[in-house]
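Peer 1: The file below is structure_32.cif, mmCIF, C-alpha atoms:
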data_structure
loop_
_atom_site.label_atom_id
_atom_site.label_comp_id
_atom_site.auth_asym_id
_atom_site.auth_seq_id
_atom_site.Cartn_x
_atom_site.Cartn_y
_atom_site.Cartn_z
CA MET A 17 -34.34 -46.25 21.30
CA THR A 18 -36.62 -46.77 18.34
CA VAL A 19 -35.68 -45.80 14.81
CA ASP A 20 -37.98 -43.30 13.15
CA TRP A 21 -38.22 -45.10 9.80
CA SER A 22 -40.94 -42.78 8.50
CA ASN A 23 -38.67 -39.73 8.64
CA PHE A 24 -35.36 -41.48 7.92
CA THR A 25 -34.07 -40.38 4.50
CA PRO A 26 -30.88 -42.41 3.94
CA TRP A 27 -30.23 -41.86 0.24
CA ILE A 28 -31.17 -38.23 -0.02
CA SER A 29 -29.19 -37.42 3.12
CA LEU A 30 -26.19 -39.32 1.82
CA ALA A 31 -26.43 -37.44 -1.50
CA GLY A 32 -26.86 -34.06 0.22
CA GLY A 33 -23.91 -34.92 2.46
CA GLY A 34 -21.85 -35.70 -0.63
CA MET A 35 -22.68 -32.25 -2.02
CA ILE A 36 -21.61 -30.64 1.27
CA GLY A 37 -18.34 -32.59 1.16
CA LEU A 38 -17.80 -31.55 -2.44
CA ALA A 39 -18.44 -27.90 -1.55
CA ALA A 40 -15.92 -28.05 1.29
CA ALA A 41 -13.43 -29.75 -1.04
CA MET A 42 -13.99 -27.03 -3.68
CA LEU A 43 -13.25 -24.24 -1.25
CA LEU A 44 -10.07 -25.98 -0.14
CA LEU A 45 -8.91 -26.89 -3.65
CA PHE A 46 -9.62 -23.53 -5.30
CA ASN A 47 -9.34 -21.06 -2.43
CA GLY A 48 -7.13 -22.95 0.01
CA ARG A 49 -9.67 -22.38 2.78
CA ILE A 50 -11.52 -24.52 5.27
CA ALA A 51 -15.31 -24.40 4.88
CA GLY A 52 -16.08 -23.83 8.53
CA ILE A 53 -19.23 -21.74 8.66
CA SER A 54 -18.72 -20.37 12.17
CA GLY A 55 -15.13 -19.40 11.34
CA ILE A 56 -16.11 -17.77 8.05
CA VAL A 57 -18.89 -15.72 9.68
CA GLY A 58 -16.82 -15.00 12.79
CA GLY A 59 -14.00 -13.67 10.61
CA LEU A 60 -16.34 -11.00 9.27
CA LEU A 61 -16.75 -9.59 12.77
CA ASN A 62 -13.04 -8.94 13.00
CA PRO A 63 -12.26 -8.00 9.42
CA VAL A 64 -8.75 -8.33 8.03
CA LYS A 65 -7.76 -6.92 4.65
CA GLY A 66 -8.11 -9.43 1.83
CA GLU A 67 -10.36 -11.64 3.92
CA LEU A 68 -13.68 -9.93 3.41
CA ALA A 69 -14.38 -10.76 -0.25
CA TRP A 70 -14.20 -14.56 -0.30
CA ARG A 71 -15.98 -14.82 3.05
CA SER A 72 -18.83 -12.61 1.86
CA ALA A 73 -19.05 -14.50 -1.44
CA PHE A 74 -19.25 -17.89 0.30
CA ILE A 75 -21.90 -16.64 2.72
CA GLY A 76 -23.80 -15.03 -0.17
CA GLY A 77 -23.94 -18.39 -1.96
CA LEU A 78 -25.06 -20.16 1.20
CA VAL A 79 -27.79 -17.61 1.93
CA ALA A 80 -28.99 -17.68 -1.70
CA SER A 81 -29.14 -21.50 -1.78
CA PRO A 82 -32.86 -21.84 -0.90
CA LEU A 83 -33.75 -19.43 -3.72
CA VAL A 84 -31.80 -21.55 -6.21
CA PHE A 85 -33.12 -24.82 -4.76
CA GLY A 86 -36.68 -23.47 -5.07
CA LEU A 87 -36.22 -23.03 -8.81
CA ALA A 88 -35.65 -26.76 -9.25
CA ALA A 89 -37.81 -28.36 -6.59
CA PRO A 90 -40.13 -27.43 -3.75
CA LEU A 91 -38.22 -26.60 -0.56
CA PRO A 92 -38.47 -29.23 2.17
CA GLU A 93 -40.75 -28.46 5.07
CA VAL A 94 -39.16 -26.55 7.94
CA ARG A 95 -40.46 -27.21 11.44
CA ILE A 96 -39.07 -24.97 14.19
CA GLU A 97 -40.17 -26.21 17.60
CA ALA A 98 -38.26 -23.65 19.66
CA GLY A 99 -39.96 -20.40 20.68
CA TYR A 100 -38.26 -17.00 20.48
CA PRO A 101 -36.64 -16.96 23.96
CA MET A 102 -35.24 -20.45 23.33
CA LEU A 103 -33.94 -19.42 19.88
CA ILE A 104 -32.15 -16.42 21.38
CA VAL A 105 -30.49 -18.48 24.11
CA ALA A 106 -29.56 -21.18 21.59
CA GLY A 107 -28.13 -18.64 19.14
CA LEU A 108 -25.98 -17.01 21.83
CA LEU A 109 -24.62 -20.41 22.95
CA VAL A 110 -23.92 -21.50 19.37
CA GLY A 111 -22.20 -18.20 18.58
CA ILE A 112 -19.93 -18.08 21.60
CA GLY A 113 -19.37 -21.85 21.78
CA THR A 114 -18.30 -22.25 18.15
CA ARG A 115 -15.83 -19.35 18.44
CA TYR A 116 -14.26 -20.63 21.66
CA GLY A 117 -14.25 -24.16 20.26
CA SER A 118 -12.81 -22.91 16.92
CA GLY A 119 -15.47 -24.56 14.81
CA CYS A 120 -18.86 -26.13 14.35
CA THR A 121 -20.46 -29.07 12.56
CA SER A 122 -18.83 -28.04 9.28
CA GLY A 123 -15.36 -26.91 10.34
CA HIS A 124 -14.77 -29.72 12.84
CA GLY A 125 -17.38 -32.31 11.88
CA ILE A 126 -16.73 -32.30 8.14
CA CYS A 127 -13.47 -30.54 7.26
CA GLY A 128 -11.62 -31.45 10.45
CA LEU A 129 -12.59 -35.10 10.37
CA SER A 130 -11.82 -35.24 6.62
CA ARG A 131 -8.24 -34.22 7.35
CA ARG A 132 -8.07 -36.45 10.45
CA SER A 133 -7.48 -33.62 12.92
CA PRO A 134 -7.41 -34.95 16.51
CA ARG A 135 -8.73 -31.58 17.77
CA SER A 136 -11.73 -31.92 15.49
CA VAL A 137 -12.41 -35.48 16.64
CA VAL A 138 -12.52 -34.25 20.24
CA ALA A 139 -14.67 -31.22 19.33
CA THR A 140 -17.13 -33.33 17.33
CA ILE A 141 -17.51 -35.84 20.16
CA ALA A 142 -18.00 -32.95 22.60
CA PHE A 143 -20.74 -31.12 20.69
CA MET A 144 -22.53 -34.34 19.73
CA PHE A 145 -22.44 -35.44 23.36
CA SER A 146 -23.81 -32.17 24.76
CA GLY A 147 -26.38 -32.05 21.93
CA PHE A 148 -27.62 -35.53 22.85
CA VAL A 149 -27.73 -34.66 26.56
CA THR A 150 -29.51 -31.35 25.95
CA VAL A 151 -32.25 -32.94 23.84
CA TYR A 152 -32.63 -35.71 26.42
CA ILE A 153 -33.11 -33.16 29.19
CA VAL A 154 -35.46 -30.93 27.20
CA ARG A 155 -37.61 -33.70 25.74
CA HIS A 156 -37.54 -36.45 28.35
CA LEU A 157 -36.75 -34.90 31.72
CA ILE A 158 -38.41 -31.47 31.50
CA GLY A 159 -40.83 -31.86 28.57
CA MET B 288 -12.50 -16.01 -10.05
CA LYS B 289 -11.69 -16.57 -6.38
CA MET B 290 -14.92 -14.89 -5.38
CA LEU B 291 -16.87 -16.87 -7.95
CA MET B 292 -15.50 -20.18 -6.67
CA ALA B 293 -16.23 -19.19 -3.07
CA LEU B 294 -19.76 -18.20 -4.08
CA LEU B 295 -20.31 -21.51 -5.89
CA ALA B 296 -18.89 -23.47 -2.96
CA GLY B 297 -21.27 -21.65 -0.59
CA LEU B 298 -24.18 -22.29 -2.93
CA LEU B 299 -23.40 -26.01 -3.28
CA PHE B 300 -22.93 -26.28 0.47
CA GLY B 301 -26.38 -24.77 1.02
CA LEU B 302 -28.04 -26.93 -1.64
CA GLY B 303 -26.58 -30.01 0.06
CA LEU B 304 -27.89 -28.89 3.44
CA ILE B 305 -31.37 -28.29 2.03
CA LEU B 306 -31.49 -31.55 0.04
CA SER B 307 -30.38 -33.61 3.02
CA GLY B 308 -33.08 -32.10 5.24
CA MET B 309 -30.66 -30.32 7.57
CA THR B 310 -32.41 -26.93 7.27
CA ASP B 311 -35.33 -28.49 9.15
CA PRO B 312 -34.44 -28.11 12.85
CA SER B 313 -37.00 -30.74 13.75
CA LYS B 314 -35.12 -33.31 11.66
CA VAL B 315 -31.82 -32.37 13.32
CA LEU B 316 -33.43 -32.73 16.75
CA GLY B 317 -34.79 -36.10 15.59
CA PHE B 318 -31.16 -37.19 15.25
CA LEU B 319 -30.12 -35.75 18.62
CA ASP B 320 -33.05 -37.47 20.36
CA LEU B 321 -31.45 -40.85 20.98
CA ALA B 322 -33.99 -41.81 23.61
CA GLY B 323 -37.00 -40.95 21.45
CA ASN B 324 -38.01 -41.82 17.92
CA TRP B 325 -34.50 -41.63 16.45
CA ASP B 326 -33.90 -40.35 12.90
CA PRO B 327 -30.36 -41.41 11.84
CA SER B 328 -30.36 -39.16 8.72
CA LEU B 329 -27.78 -36.68 10.04
CA ALA B 330 -25.25 -39.47 10.48
CA LEU B 331 -25.60 -40.24 6.77
CA VAL B 332 -25.21 -36.57 5.85
CA MET B 333 -21.92 -36.58 7.72
CA GLY B 334 -21.03 -39.93 6.21
CA GLY B 335 -21.63 -38.66 2.67
CA ALA B 336 -19.70 -35.47 3.35
CA LEU B 337 -16.78 -37.35 4.91
CA LEU B 338 -16.66 -39.86 2.08
CA VAL B 339 -16.23 -37.12 -0.54
CA GLY B 340 -14.30 -34.82 1.81
CA SER B 341 -11.70 -37.44 2.77
CA LEU B 342 -11.06 -38.34 -0.86
CA VAL B 343 -10.59 -34.80 -2.12
CA PHE B 344 -8.89 -33.49 1.03
CA GLY B 345 -6.30 -36.24 0.63
CA VAL B 346 -5.39 -34.81 -2.78
CA ALA B 347 -5.80 -31.14 -1.86
CA LEU B 348 -3.62 -31.30 1.23
CA LYS B 349 -0.67 -32.51 -0.83
CA ARG B 350 -0.77 -29.34 -2.92
CA PRO B 351 1.58 -26.48 -2.00
CA THR B 352 -0.98 -23.88 -3.12
CA SER B 353 -4.63 -23.85 -4.14
CA ILE B 354 -5.60 -24.18 -7.82
CA LEU B 355 -6.12 -20.40 -7.94
CA GLY B 356 -2.71 -19.80 -6.39
CA ASP B 357 -3.66 -19.02 -2.78
CA ALA B 358 -1.69 -20.40 0.11
CA MET B 359 -3.37 -23.40 1.73
CA ARG B 360 -4.64 -21.92 4.98
CA LEU B 361 -5.18 -24.71 7.45
CA PRO B 362 -5.72 -24.54 11.19
CA THR B 363 -2.35 -24.78 12.89
CA ALA B 364 -3.49 -25.50 16.44
CA THR B 365 -2.85 -29.04 17.62
CA LYS B 366 -3.37 -28.77 21.35
CA ILE B 367 -6.53 -30.22 22.81
CA ASP B 368 -7.25 -27.61 25.44
CA ARG B 369 -10.03 -26.48 27.71
CA ARG B 370 -11.22 -23.82 25.25
CA LEU B 371 -11.78 -26.43 22.54
CA VAL B 372 -13.70 -28.80 24.77
CA LEU B 373 -15.75 -26.25 26.74
CA GLY B 374 -16.49 -24.23 23.60
CA SER B 375 -17.67 -27.32 21.73
CA LEU B 376 -19.77 -28.50 24.69
CA THR B 377 -21.40 -25.04 24.83
CA PHE B 378 -22.09 -25.12 21.10
CA GLY B 379 -23.73 -28.55 21.46
CA VAL B 380 -26.12 -27.26 24.14
CA GLY B 381 -27.25 -24.44 21.82
CA TRP B 382 -27.52 -26.89 18.93
CA GLY B 383 -29.68 -29.22 21.04
CA LEU B 384 -31.95 -26.39 22.22
CA ALA B 385 -32.99 -25.16 18.77
CA GLY B 386 -31.76 -27.70 16.22
CA TYR B 387 -29.76 -25.05 14.39
CA CYS B 388 -26.02 -24.98 13.80
CA PRO B 389 -24.40 -22.11 11.85
CA GLY B 390 -24.62 -23.57 8.31
CA PRO B 391 -28.30 -24.48 8.28
CA ALA B 392 -29.15 -21.20 10.04
CA LEU B 393 -27.58 -19.23 7.17
CA ALA B 394 -29.16 -21.46 4.55
CA SER B 395 -32.56 -20.78 6.16
CA LEU B 396 -32.40 -16.98 6.20
CA ALA B 397 -33.83 -16.51 2.70
CA GLN B 398 -36.54 -19.13 3.22
CA GLY B 399 -38.58 -16.53 5.01
CA GLY B 400 -39.92 -16.52 8.51
CA ALA B 401 -38.61 -14.59 11.48
CA LYS B 402 -37.35 -17.50 13.55
CA PRO B 403 -34.14 -18.37 11.64
CA PHE B 404 -33.40 -14.65 11.51
CA VAL B 405 -33.74 -14.25 15.28
CA PHE B 406 -31.47 -17.26 15.82
CA PHE B 407 -28.93 -15.81 13.39
CA ILE B 408 -28.85 -12.40 15.09
CA ALA B 409 -28.40 -14.08 18.49
CA MET B 410 -25.60 -16.21 17.04
CA LEU B 411 -23.86 -13.09 15.69
CA ALA B 412 -24.25 -11.48 19.11
CA GLY B 413 -22.62 -14.55 20.69
CA MET B 414 -19.73 -14.34 18.22
CA ALA B 415 -19.36 -10.60 18.84
CA LEU B 416 -19.30 -11.25 22.58
CA PHE B 417 -16.44 -13.69 21.99
CA GLU B 418 -14.50 -11.00 20.06
CA VAL B 419 -15.05 -8.48 22.86
CA LEU B 420 -13.99 -10.93 25.58
CA GLU B 421 -10.91 -11.98 23.60
CA ARG B 422 -9.82 -8.40 23.01
CA ALA B 423 -10.41 -7.51 26.64
CA GLN B 424 -8.29 -10.45 27.72
CA SER B 425 -5.25 -10.26 25.50
CA GLY B 426 -5.54 -7.72 22.74
CA THR B 427 -5.03 -10.49 20.19
CA VAL B 428 -7.72 -12.55 18.54
CA SER B 429 -7.43 -16.17 17.56
CA ARG B 430 -8.77 -17.00 14.15
CA ASN B 431 -9.43 -20.59 13.14
CA ALA B 432 -11.90 -22.47 11.00
#
As a first step, turn the structure in this file into C-alpha cells.
Peer 2:
Amino acid sequence: MTVDWSNFTPWISLAGGGMIGLAAAMLLLFNGRIAGISGIVGGLLNPVKGELAWRSAFIGGLVASPLVFGLAAPLPEVRIEAGYPMLIVAGLLVGIGTRYGSGCTSGHGICGLSRRSPRSVVATIAFMFSGFVTVYIVRHLIG
Amino acid sequence: MKMLMALLAGLLFGLGLILSGMTDPSKVLGFLDLAGNWDPSLALVMGGALLVGSLVFGVALKRPTSILGDAMRLPTATKIDRRLVLGSLTFGVGWGLAGYCPGPALASLAQGGAKPFVFFIAMLAGMALFEVLERAQSGTVSRNA
C-alpha cells in the first residue's frame, strides 16, 4: 500500500464529514428520523401516509445541493470510471443490498455508528470489506 | 416547518458530500483501493461525521420526542442476521464496482451527465425488486433506516 498524498484531502474531508454529521443530527433532533439515504428513498417505493412529505423534502434538498454549492464555489471534478453496463449492475446491487441490509454508508456508517448500534458495526464492516475486495479484484486481478 | 427542516438537512448533507469529495466516484474508489495508491480521505469524512454525530446523537437520543414534536423513530431491530450481513456484502460489491453509494448518487443527479442518472435508475430498480420479493414472500415489508 502507498498513500496517495496528492489526492488526499484531510481537512476538507473532515469538514465535509462534519457537515454530514450535523445534517444527520438535525434530521434526528428536529424530525426524529434517521438520515439513512437508502431507507429514505426505499420508503418512497412503498409509500405510507404521513411519510411522503419529509422524505421528499430531504431528497429534494440532497438533489438540489450541487446547484446551491455551485453558487458559492466551483463544483469539484467528477470522474466516473465505470461504463454503462457496470453502472447498471452496480446500481442494482446497491439498491437490493442496501434494502436487505437495512442501510448504507449513511444509515449504518454514520447514524448507526453514532448511536453505537451493533448491527450497524457489523453492516459497516461487511460493506467496507466487500468494497475493498471488489476493487482489488477489478483493479488488480482482472484489470 | 418539518418539511423545511428535512429539506435543510438534505441540503446540508449534500453540501457536505460535495465538499468532502464524495460525489467523485474516482475518489471513493481511491479509498477502496487498499492495494493501489490509497486515498484515506473517506475515512476522515466518516471520522468528521461520527465526531459531530456522536455528540449530537448522545443528546438527541435522550429526548422523548423531536424538537418539532415527532416521535423519535429509531430502528428497533437488534438481531445480527443473515439478511443484514448478506445485504451489506452485496451493497459493498456494488459500491466497489462504481464508486457510488446512495447519498452521493442523489447528490450527483443535478450535476448533469447521464451516468449518475443511469446508476440511480438501476438503484431504484434494485430497491423495487426488493419490495416485490418481500411482498411475494410474506405480504409484509420491513422498513428500517
Peer 1: On this structure, which residues satisfy the PyMOL selection byres ((chain A and resi 41) around 12), written as a ChimeraX atom specification?
Peer 2: /A:34-40,42-52,122-123,126-128,130-131 /B:292-293,295-297,299-300,336-348,353-354
Peer 1: Which residues fall under the PyMOL selection byres ((chain B and resi 310) around 8) in this file, as number ranges by chain?
Peer 2: A: 94; B: 304-305, 308-309, 311-312, 387, 391-392, 394-395
Peer 1: So which residues get picked by the PyMOL selection byres ((chain A and resi 105) around 9) here, written as a PDB file with C-alpha atoms, in the frame of the given file?
Peer 2:
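Generated output (selection.pdb):
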ATOM      1  CA  TYR A 100     -38.260 -17.000  20.480  1.00  0.00           C
ATOM      2  CA  PRO A 101     -36.640 -16.960  23.960  1.00  0.00           C
ATOM      3  CA  MET A 102     -35.240 -20.450  23.330  1.00  0.00           C
ATOM      4  CA  LEU A 103     -33.940 -19.420  19.880  1.00  0.00           C
ATOM      5  CA  ILE A 104     -32.150 -16.420  21.380  1.00  0.00           C
ATOM      6  CA  ALA A 106     -29.560 -21.180  21.590  1.00  0.00           C
ATOM      7  CA  GLY A 107     -28.130 -18.640  19.140  1.00  0.00           C
ATOM      8  CA  LEU A 108     -25.980 -17.010  21.830  1.00  0.00           C
ATOM      9  CA  LEU A 109     -24.620 -20.410  22.950  1.00  0.00           C
ATOM     10  CA  VAL A 110     -23.920 -21.500  19.370  1.00  0.00           C
TER      11      VAL A 110
ATOM     12  CA  GLY B 381     -27.250 -24.440  21.820  1.00  0.00           C
ATOM     13  CA  LEU B 384     -31.950 -26.390  22.220  1.00  0.00           C
ATOM     14  CA  ALA B 385     -32.990 -25.160  18.770  1.00  0.00           C
ATOM     15  CA  PHE B 406     -31.470 -17.260  15.820  1.00  0.00           C
ATOM     16  CA  ALA B 409     -28.400 -14.080  18.490  1.00  0.00           C
ATOM     17  CA  MET B 410     -25.600 -16.210  17.040  1.00  0.00           C
TER      18      MET B 410
END
Peer 1: So which residues are close to (-40.0, -27.2, 17.6), meaning at most 8 Å away in the file's coordinates with only C-alpha atoms counted, and can you show them as a compact mmCIF listing (two decimals) with C-alpha atoms, in the frame of the given file?
Peer 2:
# COMPACT_ATOMS: atom_id res chain seq x y z
CA ARG A 95 -40.46 -27.21 11.44
CA ILE A 96 -39.07 -24.97 14.19
CA GLU A 97 -40.17 -26.21 17.60
CA ALA A 98 -38.26 -23.65 19.66
CA GLY A 99 -39.96 -20.40 20.68
CA PRO B 312 -34.44 -28.11 12.85
CA SER B 313 -37.00 -30.74 13.75
CA ALA B 385 -32.99 -25.16 18.77
Peer 1: Just checking: using all atoms listed in the file, which residue out of A:Leu83, A:Cys120, A:Ile56, A:Ile75 ends up closest to Cys388 of chain B?
Peer 2: A:Cys120
Peer 1: Can you tell me how far atom CA of Pro92 of chain A sits from atom CA of Thr121 of chain A, in Å to one decimal?
Peer 2: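 Atom CA of Thr121 of chain A lies 20.8 Å from atom CA of Pro92 of chain A.
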Peer 1: Determine, counting all atoms listed in the file, which protein, DNA and RNA residues have an atom within 12 Å of an atom of Ile141 of chain A; residues of the same chain fewer than 6 positions away are not included. Present the result as an mmCIF file with C-alpha atoms, in the frame of the given file.
Peer 2:
data_model
loop_
_atom_site.group_PDB
_atom_site.id
_atom_site.type_symbol
_atom_site.label_atom_id
_atom_site.label_comp_id
_atom_site.auth_asym_id
_atom_site.auth_seq_id
_atom_site.Cartn_x
_atom_site.Cartn_y
_atom_site.Cartn_z
ATOM 1 C CA CYS A 120 -18.860 -26.130 14.350
ATOM 2 C CA THR A 121 -20.460 -29.070 12.560
ATOM 3 C CA HIS A 124 -14.770 -29.720 12.840
ATOM 4 C CA GLY A 125 -17.380 -32.310 11.880
ATOM 5 C CA LEU A 129 -12.590 -35.100 10.370
ATOM 6 C CA PRO A 134 -7.410 -34.950 16.510
ATOM 7 C CA ARG A 135 -8.730 -31.580 17.770
ATOM 8 C CA GLY A 147 -26.380 -32.050 21.930
ATOM 9 C CA PHE A 148 -27.620 -35.530 22.850
ATOM 10 C CA LEU B 371 -11.780 -26.430 22.540
ATOM 11 C CA VAL B 372 -13.700 -28.800 24.770
ATOM 12 C CA LEU B 373 -15.750 -26.250 26.740
ATOM 13 C CA SER B 375 -17.670 -27.320 21.730
ATOM 14 C CA LEU B 376 -19.770 -28.500 24.690
ATOM 15 C CA PHE B 378 -22.090 -25.120 21.100
ATOM 16 C CA GLY B 379 -23.730 -28.550 21.460
#
Peer 1: Between atom CA of Ile112 of chain A and atom CA of Gly374 of chain B, measure the distance and give it in Å to one decimal.
Peer 2: 7.3 Å
Peer 1: Taking only C-alpha atoms into account, which of A:Ile153, A:Gly113, A:Val137, A:Asp20 comes nearest Trp382 of chain B?
Peer 2: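 Under the stated criterion, the closest residue is A:Gly113.
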Peer 1: If I take atom CA of Ile158 of chain A and atom CA of Pro327 of chain B, how far is one from the other in Å, to one decimal?
Peer 2: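 Atom CA of Pro327 of chain B lies 23.5 Å from atom CA of Ile158 of chain A.
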Peer 1: Using only C-alpha atoms, find the one residue out of A:Leu157, A:Leu87, A:Leu68, A:Ala31 that sits nearest to chain B.
Peer 2: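 Distance minimum relative to chain B lands on A:Ala31.
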Peer 1: Once N, CA and C atoms are restored for segment 128-151 of chain A, what would the output be as a compact mmCIF listing (two decimals), keeping the file's coordinate frame?
Peer 2:
# COMPACT_ATOMS: atom_id res chain seq x y z
N GLY A 128 -12.60 -30.96 9.49
CA GLY A 128 -11.62 -31.45 10.45
C GLY A 128 -11.49 -32.96 10.42
N LEU A 129 -12.64 -33.63 10.40
CA LEU A 129 -12.59 -35.10 10.37
C LEU A 129 -12.04 -35.58 9.02
N SER A 130 -12.34 -34.84 7.94
CA SER A 130 -11.82 -35.24 6.62
C SER A 130 -10.30 -35.19 6.58
N ARG A 131 -9.71 -34.27 7.35
CA ARG A 131 -8.24 -34.22 7.35
C ARG A 131 -7.65 -34.86 8.61
N ARG A 132 -8.51 -35.65 9.30
CA ARG A 132 -8.07 -36.45 10.45
C ARG A 132 -7.40 -35.62 11.54
N SER A 133 -8.02 -34.47 11.85
CA SER A 133 -7.48 -33.62 12.92
C SER A 133 -7.94 -34.13 14.28
N PRO A 134 -7.01 -34.46 15.18
CA PRO A 134 -7.41 -34.95 16.51
C PRO A 134 -8.25 -33.92 17.28
N ARG A 135 -7.93 -32.62 17.11
CA ARG A 135 -8.73 -31.58 17.77
C ARG A 135 -10.18 -31.65 17.32
N SER A 136 -10.37 -31.88 16.02
CA SER A 136 -11.73 -31.92 15.49
C SER A 136 -12.49 -33.17 15.94
N VAL A 137 -11.77 -34.27 16.12
CA VAL A 137 -12.41 -35.48 16.64
C VAL A 137 -12.94 -35.19 18.04
N VAL A 138 -12.10 -34.57 18.87
CA VAL A 138 -12.52 -34.25 20.24
C VAL A 138 -13.69 -33.27 20.22
N ALA A 139 -13.60 -32.22 19.39
CA ALA A 139 -14.67 -31.22 19.33
C ALA A 139 -15.98 -31.85 18.88
N THR A 140 -15.91 -32.72 17.86
CA THR A 140 -17.13 -33.33 17.33
C THR A 140 -17.78 -34.24 18.39
N ILE A 141 -16.96 -35.01 19.09
CA ILE A 141 -17.51 -35.84 20.16
C ILE A 141 -18.15 -34.96 21.23
N ALA A 142 -17.48 -33.84 21.55
CA ALA A 142 -18.00 -32.95 22.60
C ALA A 142 -19.34 -32.33 22.22
N PHE A 143 -19.46 -31.77 21.00
CA PHE A 143 -20.74 -31.12 20.69
C PHE A 143 -21.86 -32.12 20.41
N MET A 144 -21.50 -33.30 19.91
CA MET A 144 -22.53 -34.34 19.73
C MET A 144 -23.03 -34.78 21.11
N PHE A 145 -22.08 -34.99 22.01
CA PHE A 145 -22.44 -35.44 23.36
C PHE A 145 -23.37 -34.43 24.04
N SER A 146 -22.97 -33.14 24.05
CA SER A 146 -23.81 -32.17 24.76
C SER A 146 -25.12 -31.94 24.01
N GLY A 147 -25.13 -32.13 22.69
CA GLY A 147 -26.38 -32.05 21.93
C GLY A 147 -27.33 -33.17 22.33
N PHE A 148 -26.80 -34.39 22.43
CA PHE A 148 -27.62 -35.53 22.85
C PHE A 148 -28.18 -35.29 24.26
N VAL A 149 -27.30 -34.86 25.17
CA VAL A 149 -27.73 -34.66 26.56
C VAL A 149 -28.78 -33.57 26.65
N THR A 150 -28.56 -32.47 25.91
CA THR A 150 -29.51 -31.35 25.95
C THR A 150 -30.90 -31.78 25.48
N VAL A 151 -30.94 -32.50 24.36
CA VAL A 151 -32.25 -32.94 23.84
C VAL A 151 -32.89 -33.93 24.82
